[in-house]
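Participant: First the structure, which I've put down as structure tokens, then a few questions once you've had a look.
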Amino acid sequence: EVLRFTSVKRAIHFPEFLPAIILLGWAIIGSFIWGLIPFSEAWENLKTLIVSTTIFSVSVLIINNSRKVYFAFYTWICIGLYAALFVFFGPMLGYQPPDIEAWGAAYSIFGAHKNWIASILGLSFFLNLAAIYQVKKMFLKIGLSLCLVTVFFALVYQQSKGALAGLVVGLIFFWIVDSIESWRNKGPLRAVSRIFLFFSLLLIIAMFIYLIGVSEYLGGYYPLFFEPLSTPTMQARIMLWNISYHILSNESHIIRGLGFGAFEFLGPYYNMPPEIAEGIYVHPHSLYLDIIIHLGIVGLALFLWIVISILIKLWRSYVNASDPKYRYLCLGLLCGTLSFCMHCVIDFEVAHIVSFWLFMGLCVAAINVYKMNNSSANAEWSVQ
């Protein structure tokens, strides 16, 4: 499919390809020339970035018509359901060891790392939500709703605070935009009823938690709401962010970065505890800090160029499109991207976000296909 001429021709409007290639090239040059560790060690991170860039680029070439966009759209929903079932049943099948120190590369491939699988759950959640608004048949709505509830409870069960925070931001944005749209098309009564239902649910949940008991009901989330900075995970993150700040202040290469592996290499010199320095995955626990340390301001600017460009185009597509199915598809992709960007404030590293590159590939493909269909005479987006 990639090698077909028509496939290449369909992908001519793909400006996000340039910053993605420049970002990859910048990472390779940095690892070769000014990296603090040998290239053979930096290759562990570079190869995943190469895979990510390849997936991002090839997705646009393969997903080249509306039928394939919807196929990829529902595939993501199936991936979310699989990930949710893995969360619940993976431990009994022996895939996820109870000790976090035992998590290795093999388990990461299966998605056992809680924050990685939580990000997949969060991204698929918004596509699932958009699909519920798209379909008309009641049994499909019920099936998708059950899938959405399963994904949500799996996300809660994972106890990934960053993913849940991103989910809340994305949901608020989704319902605000949808309420405005309902106000315009279906009248103010429908929009006000949706807003009333949303806040009523929040009030019912708050009263339920209050009556049962906050600490008993929230469990591991209790410190997050009432003692957010005292949790062990936040204490570790604050320490890693402080180390990152001192590395950036003292190493004086904030523009070009220090190359892959610099944080792990320099950490012990900045009082990083041995139990963290000798861990499996040592990174600043903030995607944006990770990019600045390893790829510099240049790398961060390139990454934000890609993400912001996609967000703007998704919003324009949502505003300008006439087909409601495509509008909800764009809104789901937009909210999923915003949710992940929020999660990245306190998690992830640039070399290990392959699933997000795959998701961004779907975003660009959906924008591209709509542009091609919209430019054709009497082109229909909807798939029968």
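Ordered as shown in the structure tokens, chains take letters A, B, and onward, while each chain numbers its residues from 1 and ligands are numbered from 1 in the order shown.
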Using only C-alpha atoms, which residues sit within 10 Å of range 154-170 of chain A once same-chain residues fewer than 6 positions away are excluded, as a tab-separated table (two decimals) with C-alpha atoms, in the first residue's frame?
Facilitator:
chain	number	residue	atom	x	y	z
A	80	GLY	CA	-8.58	0.20	24.44
A	81	LEU	CA	-10.92	-2.67	25.33
A	83	ALA	CA	-5.87	-2.97	27.26
A	84	ALA	CA	-8.68	-2.69	29.82
A	85	LEU	CA	-9.19	-6.47	29.90
A	86	PHE	CA	-5.43	-6.89	30.22
A	87	VAL	CA	-5.45	-4.63	33.29
A	88	PHE	CA	-8.07	-6.80	34.98
A	113	HIS	CA	3.79	-0.68	32.62
A	114	LYS	CA	0.86	1.11	34.21
A	115	ASN	CA	1.46	4.59	32.80
A	116	TRP	CA	1.96	3.36	29.25
A	117	ILE	CA	-1.15	1.24	29.29
A	118	ALA	CA	-3.02	4.08	31.01
A	119	SER	CA	-2.11	6.37	28.11
A	120	ILE	CA	-3.55	3.86	25.63
A	121	LEU	CA	-6.71	3.64	27.73
A	122	GLY	CA	-6.97	7.44	27.82
A	123	LEU	CA	-6.49	7.86	24.06
A	125	PHE	CA	-11.50	6.51	25.74
A	126	PHE	CA	-12.19	9.65	23.71
A	148	LEU	CA	-16.34	2.95	27.63
A	176	ILE	CA	-18.16	22.27	26.74
A	220	GLY	CA	-5.14	5.12	46.90
A	221	TYR	CA	-6.53	8.36	45.46
A	224	LEU	CA	-3.90	12.78	45.66
A	233	THR	CA	5.18	9.16	43.55
A	234	MET	CA	4.91	12.95	43.69
A	331	LEU	CA	-13.51	16.10	18.52
A	332	GLY	CA	-12.52	12.68	19.90
A	334	LEU	CA	-8.66	16.49	19.61
A	335	CYS	CA	-9.65	15.63	23.20
A	336	GLY	CA	-7.48	12.50	23.20
A	337	THR	CA	-4.46	14.56	22.11
A	338	LEU	CA	-5.15	17.22	24.77
A	339	SER	CA	-5.55	14.52	27.41
A	340	PHE	CA	-2.21	12.94	26.55
A	341	CYS	CA	-0.43	16.31	26.49
A	342	MET	CA	-1.76	16.94	30.00
A	343	HIS	CA	-0.54	13.52	31.13
A	344	CYS	CA	2.91	14.29	29.69
A	345	VAL	CA	3.42	17.08	32.24
A	346	ILE	CA	4.20	14.48	34.92
A	347	ASP	CA	5.19	11.43	32.90
Participant: What's around Leu144 in chain A at 7 Å? Count only C-alpha atoms, leave out sequence neighbours fewer than 4 positions away in its own chain, and write the answer as a list in words.
Facilitator: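 The filter keeps Asn128, Ile132, Leu140 and Leu148 of chain A.
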Participant: Would you save the residues from that selection as a short mmCIF file (atom, residue, chain, number, x, y, z; two decimals), in the first residue's frame, using C-alpha atoms?
Facilitator:
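selection04.cif, freshly written:
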data_model
loop_
_atom_site.label_atom_id
_atom_site.label_comp_id
_atom_site.auth_asym_id
_atom_site.auth_seq_id
_atom_site.Cartn_x
_atom_site.Cartn_y
_atom_site.Cartn_z
CA ASN A 128 -15.00 5.47 22.20
CA ILE A 132 -21.18 6.70 21.05
CA LEU A 140 -24.31 -0.29 19.19
CA LEU A 148 -16.34 2.95 27.63
#
Participant: Hey, what's within 12 Å of range 261-274 of chain A if we count only C-alpha atoms and toss same-chain stuff fewer than 3 positions away? As an MDAnalysis selection string, please?
Facilitator: chainID A and resid 27 30:31 34:46 236:251 253 257:258 277:285 289:296 349:351
Participant: Using C-alpha atoms, can you export the residues from the last selection as a tab-separated table (two decimals), in the first residue's frame?
Facilitator:
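selection.tsv was written with the following content:
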chain	number	residue	atom	x	y	z
A	27	ALA	CA	18.29	13.29	17.80
A	30	GLY	CA	23.07	14.81	18.89
A	31	SER	CA	23.77	11.18	19.77
A	34	TRP	CA	27.63	15.81	21.41
A	35	GLY	CA	26.03	12.89	23.24
A	36	LEU	CA	27.50	12.08	26.66
A	37	ILE	CA	27.21	8.32	26.22
A	38	PRO	CA	28.42	6.07	23.37
A	39	PHE	CA	26.15	5.86	20.33
A	40	SER	CA	25.67	2.13	20.92
A	41	GLU	CA	23.96	2.93	24.24
A	42	ALA	CA	21.96	5.84	22.83
A	43	TRP	CA	20.71	3.48	20.12
A	44	GLU	CA	18.30	1.92	22.64
A	45	ASN	CA	16.35	5.19	22.63
A	46	LEU	CA	17.00	6.16	19.03
A	236	ALA	CA	9.93	11.13	43.61
A	237	ARG	CA	8.81	13.34	40.73
A	238	ILE	CA	9.63	16.55	42.59
A	239	MET	CA	13.11	15.18	43.30
A	240	LEU	CA	13.61	14.22	39.63
A	241	TRP	CA	12.35	17.62	38.45
A	242	ASN	CA	14.79	19.30	40.84
A	243	ILE	CA	17.64	17.19	39.43
A	244	SER	CA	16.51	18.12	35.91
A	245	TYR	CA	16.54	21.80	36.82
A	246	HIS	CA	20.12	21.59	38.13
A	247	ILE	CA	21.26	19.65	35.05
A	248	LEU	CA	19.79	22.28	32.76
A	249	SER	CA	21.26	25.09	34.86
A	250	ASN	CA	24.78	23.69	35.11
A	251	GLU	CA	25.39	21.92	31.80
A	253	HIS	CA	23.42	23.25	26.57
A	257	GLY	CA	20.39	19.35	24.40
A	258	LEU	CA	22.78	16.74	25.74
A	277	ALA	CA	19.75	5.58	39.31
A	278	GLU	CA	20.01	1.79	39.05
A	279	GLY	CA	16.37	1.34	38.03
A	280	ILE	CA	15.14	0.00	34.72
A	281	TYR	CA	13.78	3.29	33.35
A	282	VAL	CA	15.46	6.48	34.53
A	283	HIS	CA	13.92	9.65	33.12
A	284	PRO	CA	12.68	13.04	34.42
A	285	HIS	CA	9.03	11.89	34.55
A	289	LEU	CA	11.65	18.15	30.56
A	290	ASP	CA	12.93	14.96	28.94
A	291	ILE	CA	12.91	16.59	25.51
A	292	ILE	CA	14.67	19.74	26.73
A	293	ILE	CA	17.42	17.78	28.49
A	294	HIS	CA	18.10	15.36	25.62
A	295	LEU	CA	17.11	17.33	22.50
A	296	GLY	CA	17.13	20.90	23.81
A	349	GLU	CA	9.98	10.28	27.81
A	350	VAL	CA	10.26	11.15	24.14
A	351	ALA	CA	11.76	7.79	23.16
Participant: Please extract the residues of range 271-347 of chain A with a backbone DSSP assignment of alpha helix (DSSP H) and present them as a ChimeraX atom specification.
Facilitator: /A:274-277,287-320,324-343
